[in-house]
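Novice: This is the content of input.tsv (TSV, C-alpha atoms and all ligand atoms):
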```tsv
chain	number	residue	atom	x	y	z
A	133	MET	CA	72.84	115.95	15.33
A	134	THR	CA	74.23	116.86	18.76
A	135	ASN	CA	75.58	113.45	19.92
A	136	GLN	CA	77.20	112.52	16.61
A	137	ALA	CA	80.70	113.35	15.37
A	138	ARG	CA	80.57	116.52	13.27
A	139	SER	CA	81.19	115.98	9.59
A	140	ALA	CA	81.76	118.07	6.49
A	141	LEU	CA	81.99	117.67	2.70
A	142	ILE	CA	84.35	119.94	0.76
A	143	THR	CA	84.61	119.92	-3.02
A	144	GLY	CA	88.00	120.92	-4.44
A	145	ASN	CA	90.00	119.80	-1.39
A	146	SER	CA	93.35	119.21	-3.12
A	147	SER	CA	94.77	122.74	-2.88
A	148	GLY	CA	94.16	126.34	-1.88
A	149	LEU	CA	91.11	127.24	0.14
A	150	GLY	CA	89.62	123.72	0.06
A	151	LEU	CA	92.82	122.23	1.50
A	152	GLY	CA	92.97	125.04	4.10
A	153	LEU	CA	89.38	124.35	5.14
A	154	SER	CA	90.08	120.61	5.35
A	155	HIS	CA	93.01	121.26	7.73
A	156	ALA	CA	91.00	123.66	9.88
A	157	LEU	CA	87.99	121.33	10.15
A	158	LEU	CA	90.19	118.33	11.00
A	159	GLU	CA	91.67	120.40	13.82
A	160	ARG	CA	88.10	120.85	15.06
A	161	ASP	CA	87.63	117.04	14.96
A	162	TYR	CA	85.30	116.97	11.98
A	163	ARG	CA	85.04	113.79	9.94
A	164	MET	CA	86.03	115.01	6.49
A	165	TYR	CA	84.77	113.99	3.05
A	166	GLY	CA	86.13	115.57	-0.11
A	167	CYS	CA	86.64	115.32	-3.84
A	168	SER	CA	88.90	116.75	-6.53
A	169	ARG	CA	90.90	115.44	-9.48
A	170	ARG	CA	94.28	115.35	-7.70
A	171	GLY	CA	92.98	114.19	-4.32
A	172	CYS	CA	93.96	115.40	-0.89
A	173	ALA	CA	97.34	113.64	-0.62
A	174	ALA	CA	98.49	116.00	2.15
A	175	LEU	CA	95.78	114.61	4.46
A	176	ALA	CA	95.40	111.18	2.87
A	177	ASP	CA	94.91	109.14	6.01
A	178	ARG	CA	92.58	111.66	7.68
A	179	VAL	CA	90.13	112.48	4.88
A	180	VAL	CA	87.67	110.26	3.04
A	181	ASP	CA	88.46	111.27	-0.49
A	182	VAL	CA	87.38	110.43	-4.04
A	183	HIS	CA	89.25	111.48	-7.16
A	184	CYS	CA	86.69	112.90	-9.55
A	185	ASP	CA	86.68	115.27	-12.50
A	186	LEU	CA	83.64	117.37	-11.67
A	187	SER	CA	83.48	118.67	-15.24
A	188	ASP	CA	82.17	115.19	-16.11
A	189	LEU	CA	78.67	115.79	-14.77
A	190	GLU	CA	77.70	112.13	-15.31
A	191	ALA	CA	80.54	111.01	-13.03
A	192	ILE	CA	79.41	113.07	-10.04
A	193	GLY	CA	76.52	110.80	-8.91
A	194	PRO	CA	78.63	107.61	-8.79
A	195	ALA	CA	81.44	109.54	-7.03
A	196	MET	CA	79.03	110.86	-4.37
A	197	ASP	CA	77.51	107.36	-3.97
A	198	GLN	CA	81.00	106.07	-3.19
A	199	LEU	CA	82.13	109.02	-1.07
A	200	LEU	CA	79.06	109.40	1.14
A	201	ALA	CA	77.86	105.77	1.41
A	202	GLY	CA	76.35	105.29	4.87
A	203	VAL	CA	76.51	109.01	5.81
A	204	ASP	CA	73.25	110.24	7.35
A	205	HIS	CA	74.20	113.79	8.37
A	206	LEU	CA	76.59	116.55	7.33
A	207	ASP	CA	77.04	119.61	9.50
A	208	LEU	CA	78.67	121.52	6.67
A	209	VAL	CA	78.90	121.28	2.88
A	210	VAL	CA	81.34	123.66	1.18
A	211	LEU	CA	80.90	123.90	-2.60
A	212	ASN	CA	84.41	125.18	-3.20
A	213	ALA	CA	85.76	123.64	-6.44
A	214	GLY	CA	86.13	126.32	-9.06
A	215	ILE	CA	88.24	127.68	-11.90
A	216	LEU	CA	89.16	131.21	-12.94
A	217	GLY	CA	89.08	130.88	-16.71
A	218	GLU	CA	90.90	133.55	-18.70
A	219	ILE	CA	91.17	137.25	-17.91
A	220	GLU	CA	90.05	138.51	-21.30
A	221	ASP	CA	87.43	140.74	-22.87
A	222	LEU	CA	84.15	138.84	-22.97
A	223	SER	CA	83.92	139.39	-26.73
A	224	SER	CA	87.13	137.34	-27.10
A	225	VAL	CA	85.89	134.36	-25.08
A	226	SER	CA	83.99	131.68	-26.99
A	227	VAL	CA	80.64	130.40	-25.81
A	228	GLU	CA	82.22	126.95	-25.68
A	229	ARG	CA	84.81	128.21	-23.16
A	230	LEU	CA	82.11	129.99	-21.12
A	231	ARG	CA	80.20	126.69	-20.99
A	232	GLU	CA	83.30	124.92	-19.59
A	233	ILE	CA	83.65	127.53	-16.84
A	234	MET	CA	79.92	127.35	-16.07
A	235	ASP	CA	80.15	123.55	-15.87
A	236	ILE	CA	82.68	123.63	-13.02
A	237	ASN	CA	81.58	126.78	-11.22
A	238	VAL	CA	77.81	126.26	-11.49
A	239	TRP	CA	76.41	123.04	-12.98
A	240	THR	CA	78.68	120.76	-10.94
A	241	ASN	CA	77.15	122.36	-7.85
A	242	LYS	CA	73.62	121.86	-9.17
A	243	VAL	CA	74.32	118.15	-9.71
A	244	ILE	CA	75.81	117.80	-6.21
A	245	LEU	CA	72.88	119.67	-4.61
A	246	ASP	CA	70.41	117.44	-6.48
A	247	TRP	CA	72.31	114.36	-5.29
A	248	LEU	CA	72.25	115.64	-1.69
A	249	LEU	CA	68.50	116.37	-1.87
A	250	ALA	CA	67.76	112.88	-3.17
A	251	SER	CA	70.04	111.29	-0.56
A	252	ASN	CA	68.00	112.56	2.41
A	253	ILE	CA	71.24	113.27	4.27
A	254	ALA	CA	70.42	115.81	7.02
A	255	ILE	CA	72.51	118.92	6.32
A	256	ASP	CA	72.84	121.87	8.68
A	257	GLN	CA	74.65	124.41	6.48
A	258	ILE	CA	75.68	124.71	2.83
A	259	VAL	CA	78.22	127.35	1.80
A	260	ALA	CA	79.12	127.95	-1.84
A	261	ILE	CA	82.41	129.75	-2.45
A	262	SER	CA	81.52	132.64	-4.71
A	263	SER	CA	83.51	135.83	-5.28
A	264	GLY	CA	83.30	139.59	-5.21
A	265	ALA	CA	83.55	139.21	-8.99
A	266	ALA	CA	79.91	138.07	-8.94
A	267	VAL	CA	78.81	141.68	-8.40
A	268	LEU	CA	81.76	143.94	-9.26
A	269	GLY	CA	81.70	143.59	-13.06
A	270	ASN	CA	85.40	144.33	-13.61
A	271	ARG	CA	86.64	144.28	-17.20
A	272	GLY	CA	88.23	140.94	-18.08
A	273	TRP	CA	86.53	138.83	-15.41
A	274	GLY	CA	83.81	137.73	-17.89
A	275	GLY	CA	83.40	133.95	-17.60
A	276	TYR	CA	84.32	133.92	-13.92
A	277	ALA	CA	81.97	136.81	-13.04
A	278	LEU	CA	79.06	135.33	-14.99
A	279	SER	CA	79.55	131.95	-13.36
A	280	LYS	CA	79.80	133.32	-9.82
A	281	ALA	CA	76.75	135.58	-10.32
A	282	THR	CA	74.83	132.49	-11.49
A	283	LEU	CA	76.16	130.54	-8.50
A	284	ASN	CA	74.72	133.21	-6.20
A	285	MET	CA	71.29	132.83	-7.80
A	286	LEU	CA	71.64	129.03	-7.72
A	287	CYS	CA	72.03	129.28	-3.93
A	288	ARG	CA	69.06	131.63	-3.62
A	289	LEU	CA	66.87	129.25	-5.62
A	290	TYR	CA	68.04	126.07	-3.85
A	291	ALA	CA	67.38	127.68	-0.46
A	292	HIS	CA	63.66	127.10	-1.20
A	293	GLU	CA	64.32	123.41	-1.79
A	294	PHE	CA	66.44	122.88	1.36
A	295	PRO	CA	63.99	124.21	3.99
A	296	ASP	CA	65.89	122.59	6.90
A	297	THR	CA	69.36	123.72	5.77
A	298	HIS	CA	70.91	127.18	5.80
A	299	VAL	CA	72.34	128.00	2.35
A	300	ALA	CA	74.71	130.89	1.57
A	301	ALA	CA	77.07	131.97	-1.19
A	302	ILE	CA	80.09	133.80	0.19
A	303	ALA	CA	82.96	135.84	-1.19
A	304	PRO	CA	85.99	134.91	0.94
A	305	GLY	CA	88.21	137.88	0.01
A	306	LEU	CA	91.59	137.43	-1.66
A	307	VAL	CA	93.27	134.12	-0.83
A	308	ASP	CA	96.85	133.26	-1.81
A	309	THR	CA	96.24	130.26	-4.10
A	310	ARG	CA	96.87	129.12	-7.68
A	311	ILE	CA	94.18	131.58	-8.83
A	312	ILE	CA	96.13	134.52	-7.40
A	313	ASP	CA	99.39	133.11	-8.86
A	314	THR	CA	97.72	133.21	-12.28
A	315	LEU	CA	96.42	136.76	-11.80
A	316	CYS	CA	99.83	137.98	-10.58
A	317	GLU	CA	101.47	136.66	-13.77
A	318	LEU	CA	99.24	138.92	-15.91
A	319	SER	CA	100.59	142.37	-16.70
A	320	ASP	CA	97.90	144.08	-18.82
A	321	THR	CA	96.78	146.39	-16.01
A	322	GLU	CA	95.90	149.13	-18.51
A	323	ARG	CA	93.18	147.01	-20.13
A	324	PHE	CA	92.26	145.16	-16.93
A	325	PRO	CA	92.75	147.68	-14.07
A	326	ALA	CA	91.35	145.33	-11.40
A	327	LEU	CA	94.62	143.36	-11.73
A	328	GLU	CA	96.39	146.27	-9.98
A	329	ARG	CA	94.51	145.64	-6.75
A	330	ILE	CA	95.47	141.96	-6.83
A	331	HIS	CA	99.14	142.70	-7.57
A	332	ALA	CA	99.23	145.30	-4.79
A	333	ALA	CA	97.74	142.83	-2.29
A	334	ARG	CA	100.73	140.44	-2.49
A	335	GLY	CA	102.76	140.75	0.72
A	336	THR	CA	99.99	142.61	2.58
A	337	ASP	CA	97.29	141.55	5.06
A	338	THR	CA	94.68	141.93	2.30
A	339	LEU	CA	95.86	138.66	0.75
A	340	LEU	CA	95.01	135.88	3.21
A	341	SER	CA	96.83	132.57	3.42
A	342	PRO	CA	94.52	129.60	2.78
A	343	ALA	CA	94.80	128.75	6.51
A	344	ALA	CA	93.80	132.29	7.57
A	345	ALA	CA	90.94	132.42	5.04
A	346	ALA	CA	89.69	129.04	6.28
A	347	GLU	CA	89.70	130.26	9.89
A	348	ARG	CA	87.83	133.40	8.85
A	349	ILE	CA	85.17	131.38	7.03
A	350	LEU	CA	84.68	128.97	9.94
A	351	GLU	CA	84.39	131.88	12.39
A	352	ALA	CA	81.80	133.50	10.11
A	353	LEU	CA	79.60	130.38	9.82
A	354	PRO	CA	77.29	131.08	12.80
A	355	GLY	CA	76.89	134.72	11.71
A	356	LEU	CA	75.93	133.67	8.19
A	357	LYS	CA	72.78	132.14	9.66
A	358	GLU	CA	71.67	135.68	10.59
A	359	PHE	CA	71.22	136.28	6.86
A	360	GLU	CA	68.19	134.91	5.05
A	361	SER	CA	68.92	131.45	3.62
A	362	GLY	CA	70.05	131.82	0.00
A	363	SER	CA	71.88	135.11	0.58
A	364	PHE	CA	75.16	136.16	-0.97
A	365	VAL	CA	77.54	137.57	1.66
A	366	ASP	CA	80.93	139.13	0.92
A	367	LEU	CA	82.84	138.40	4.15
A	368	ARG	CA	84.70	141.71	3.73
A	369	GLN	CA	81.34	143.47	4.01
A	370	ILE	CA	80.94	142.18	7.57
A	371	LEU	CA	84.57	141.65	8.68
A	372	ALA	CA	86.52	144.39	6.83
A	373	PRO	CA	84.00	147.10	5.84
A	374	ALA	CA	86.68	149.70	4.93
A	375	GLU	CA	88.36	147.27	2.50
A	376	TYR	CA	84.97	146.40	0.99
A	377	GLU	CA	83.98	150.05	0.55
A	378	SER	CA	87.26	150.86	-1.22
A	379	LEU	CA	86.81	147.81	-3.46
A	380	ARG	CA	83.36	148.98	-4.53
A	381	LYS	CA	84.52	152.58	-5.10
A	382	ASP	CA	87.52	151.37	-7.08
A	383	CYS	CA	85.21	149.36	-9.30
A	384	THR	CA	82.63	152.08	-9.94
A	385	ASN	CA	85.38	154.60	-10.76
A	386	ARG	CA	86.63	152.46	-13.67
B	1	LIG	N1	91.85	132.68	-4.37
B	1	LIG	C1	91.01	133.70	-4.25
B	1	LIG	O1	91.41	134.85	-4.01
B	1	LIG	C2	89.53	133.46	-4.40
B	1	LIG	C3	88.68	134.56	-4.23
B	1	LIG	C4	87.31	134.36	-4.36
B	1	LIG	C5	86.81	133.09	-4.61
B	1	LIG	N2	87.67	132.04	-4.77
B	1	LIG	C6	87.10	130.71	-5.03
B	1	LIG	O2	87.66	129.78	-4.12
B	1	LIG	C7	87.50	128.48	-4.67
B	1	LIG	C8	88.80	127.70	-4.48
B	1	LIG	O3	89.79	128.24	-5.34
B	1	LIG	P1	91.31	128.47	-4.85
B	1	LIG	O4	91.55	129.91	-4.89
B	1	LIG	O5	91.56	127.72	-3.59
B	1	LIG	O6	92.11	127.84	-6.09
B	1	LIG	P2	92.76	126.41	-6.34
B	1	LIG	O7	93.91	126.15	-5.42
B	1	LIG	O8	92.99	126.35	-7.80
B	1	LIG	O9	91.62	125.38	-5.92
B	1	LIG	C9	90.60	124.98	-6.79
B	1	LIG	C10	90.07	123.64	-6.32
B	1	LIG	O10	89.01	123.26	-7.23
B	1	LIG	C11	89.27	121.95	-7.71
B	1	LIG	N3	88.80	121.77	-9.08
B	1	LIG	C12	88.96	122.61	-10.14
B	1	LIG	N4	88.51	122.03	-11.26
B	1	LIG	C13	88.04	120.80	-10.89
B	1	LIG	C14	87.46	119.70	-11.61
B	1	LIG	N5	87.30	119.74	-12.94
B	1	LIG	N6	87.11	118.60	-10.90
B	1	LIG	C15	87.31	118.54	-9.58
B	1	LIG	N7	87.84	119.54	-8.84
B	1	LIG	C16	88.21	120.64	-9.51
B	1	LIG	C17	90.79	121.81	-7.68
B	1	LIG	O11	91.14	120.43	-7.57
B	1	LIG	P3	91.91	119.61	-8.74
B	1	LIG	O12	92.71	120.59	-9.56
B	1	LIG	O13	92.72	118.63	-7.96
B	1	LIG	O14	90.81	118.94	-9.50
B	1	LIG	C18	91.14	122.55	-6.39
B	1	LIG	O15	91.07	121.68	-5.27
B	1	LIG	C19	87.08	128.67	-6.13
B	1	LIG	O16	85.69	128.45	-6.25
B	1	LIG	C20	87.40	130.13	-6.39
B	1	LIG	O17	86.59	130.68	-7.40
B	1	LIG	C21	89.02	132.20	-4.67
```
Take the structure I supplied and represent it as structure tokens, if you would.
Ligand SMILES: NC(=O)c1ccc[n+]([C@@H]2O[C@H](COP(=O)([O-])OP(=O)(O)OC[C@H]3O[C@@H](n4cnc5c(N)ncnc54)[C@H](OP(=O)(O)O)[C@@H]3O)[C@@H](O)[C@H]2O)c1
Specialist:
Amino acid sequence: MTNQARSALITGNSSGLGLGLSHALLERDYRMYGCSRRGCAALADRVVDVHCDLSDLEAIGPAMDQLLAGVDHLDLVVLNAGILGEIEDLSSVSVERLREIMDINVWTNKVILDWLLASNIAIDQIVAISSGAAVLGNRGWGGYALSKATLNMLCRLYAHEFPDTHVAAIAPGLVDTRIIDTLCELSDTERFPALERIHAARGTDTLLSPAAAAERILEALPGLKEFESGSFVDLRQILAPAEYESLRKDCTNR
């Protein structure tokens, strides 16, 4: 891959972390491929983009055929598209709603990974954007936590099937995006105490801008390869151990 232009695929490139990563990779002269429903209008002439609703699992194959026609290598694939779902007690969330969250946060990624395997595109590194919620088990984070925990295992299992590719699921830390906007609008901190930590992060260094989070992820990429392929890595664990320790303590105390 050394003499070719570097290239990357990012799902969910229209806003937040995916848009931040697209900017940061373009600055590093990557050829960028991406997909989302709204599209990456901010970088329209610099990104090869398809508009695709990833919840329509049947539409993913044709979208990837169009997006990656003629591509023979990808240095980086970031499985980033995701939704929060509701902050609600799990007993109040229907199975139908959980299925919708699982479709975007998990099964979409399975379909994309299957497409990539069948394509024979040489891939150096795959990173799935998971969350601390995958392991913390905070009240209210039901559908999101279940989906991100499953995403972590999806990565572990697919690592066996991508022997020449390093696969990791990562928690990026708190990033100032639509997901945080939604969480900051919720006030039921008594029932859902983990909201307090999110509200308190606004205006502090704990809440990263999408640009800063993207830089942090790109800087962490070589180090991720030190972990066994298929691992889940919370970036705070390696980059901000004090913050990570307090997060874990906070969770076990409640
Ligand atoms: N923000 C945080 O603090 C935080 C922390 C941990 C993990 N994460 C993870 O980071 C990832 C990015 O989220 P974000 O925080 O950047 O929020 P965001 O701004 O809402 O970005 C979500 C991205 O996913 C795409 N997406 C959602 N549903 C889709 C669908 N049906 N089809 C195609 N694309 C879809 C969205 O594109 P369209 O709406 O245009 O389709 C958008 O580009 C998610 O996986 C999230 O779980 C975020």
Novice: CA of Thr297 in chain A and CA of Asp181 in chain A are how many Å apart?
Specialist: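 Answer for the CA of Thr297 in chain A to CA of Asp181 in chain A separation: 23.6 Å.
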Novice: Can you work out the spacing between atom O6 of ligand LIG 1 (chain B) and CA of Ser223 in chain A in Å, to one decimal?
Specialist: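 According to the coordinates, atom O6 of ligand LIG 1 (chain B) and CA of Ser223 in chain A are separated by 25.0 Å.
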Novice: Can you pull out every residue with an atom within 8 Å of ligand LIG 1 (chain B)? Use all atoms listed in the file and format it as a ChimeraX atom specification.
Specialist: /A:143-151,167-172,183-188,211-216,236-237,260-265,276,280,303-312,339,342
Novice: To one decimal place, how far is CA of Leu141 in chain A from CA of Ser361 in chain A in Å?
Specialist: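 Those two atoms sit 19.0 Å apart.
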Novice: What's the 12 Å shell around Leu318 in chain A, counting all atoms listed in the file, without same-chain residues fewer than 4 positions away, as a list of chain:residue names?
Specialist: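 The residues satisfying every condition are A:Glu218, A:Ile219, A:Glu220, A:Gly272, A:Ile311, A:Ile312, A:Asp313, A:Thr314, A:Glu322, A:Arg323, A:Phe324, A:Pro325, A:Ala326, A:Leu327, A:Glu328, A:Ile330, A:His331.
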Novice: Name the closest residue to Gln198 in chain A among the candidates A:Tyr165, A:Val225, A:Glu358, A:Arg288; distances are taken between atoms, counting all atoms listed in the file.
Specialist: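 Of A:Tyr165, A:Val225, A:Glu358, A:Arg288, the one nearest Gln198 in chain A, counting all atoms listed in the file, is A:Tyr165.
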Novice: Considering only C-alpha atoms, tabulate each residue of range 140-196 of chain A that lies at most 10 Å from range 245-251 of chain A along with its nearest interatomic pair and the corresponding distance in Å to one decimal; arrange the rows by chain and ascending residue number and present them as JSON lines.
Specialist:
```
{"residue": "A:Ile192", "atom": "CA", "partner": "A:Trp247", "partner_atom": "CA", "distance": 8.6}
{"residue": "A:Gly193", "atom": "CA", "partner": "A:Trp247", "partner_atom": "CA", "distance": 6.6}
{"residue": "A:Pro194", "atom": "CA", "partner": "A:Trp247", "partner_atom": "CA", "distance": 9.9}
{"residue": "A:Met196", "atom": "CA", "partner": "A:Trp247", "partner_atom": "CA", "distance": 7.6}
```
Novice: Rank A:Ala254, A:Lys242, A:Ala195, A:Ala343 by their smallest atom-to-atom distance to Ala140 in chain A, using all atoms listed in the file, and report the top residue only.
Specialist: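 Of A:Ala254, A:Lys242, A:Ala195, A:Ala343, the one nearest Ala140 in chain A is A:Ala254, counting all atoms listed in the file.
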Novice: From the set A:Glu159, A:Gln369, A:Leu200, A:Glu360, which residue has the shortest atom-to-atom contact distance to Ile244 in chain A, counting all atoms listed in the file?
Specialist: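 When distances to Ile244 in chain A are compared using all atoms listed in the file, the smallest one comes from A:Leu200.
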Novice: Which residues are near Ala301 in chain A? Cut-off 8 Å, only C-alpha atoms, ignore same chain within fewer than 5 positions. Put them as a tab-separated table (two decimals) with C-alpha atoms, in the coordinates of the input.
Specialist:
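The new file result_2.tsv reads:
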```
chain	number	residue	atom	x	y	z
A	259	VAL	CA	78.22	127.35	1.80
A	260	ALA	CA	79.12	127.95	-1.84
A	261	ILE	CA	82.41	129.75	-2.45
A	262	SER	CA	81.52	132.64	-4.71
A	283	LEU	CA	76.16	130.54	-8.50
A	284	ASN	CA	74.72	133.21	-6.20
A	287	CYS	CA	72.03	129.28	-3.93
A	362	GLY	CA	70.05	131.82	0.00
A	363	SER	CA	71.88	135.11	0.58
A	364	PHE	CA	75.16	136.16	-0.97
A	365	VAL	CA	77.54	137.57	1.66
```
Novice: Using all atoms listed in the file, find the one residue out of A:Arg271, A:Tyr376, A:Ala277, A:Met164 that sits nearest to Leu230 in chain A.
Specialist: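 Ranked by minimum distance to Leu230 in chain A, first place goes to A:Ala277.
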Novice: Using the file's own x, y and z axes, so that the box edges lie along x, y and z, what centre and edge lengths in Å (one decimal) does a box around every listed atom of range 154-163 of chain A get when 6 Å is added on each side? Give it as AutoDock Vina command-line options.
Specialist:
```
--center_x 89.0 --center_y 118.7 --center_z 10.2 --size_x 20.0 --size_y 21.9 --size_z 21.7
```
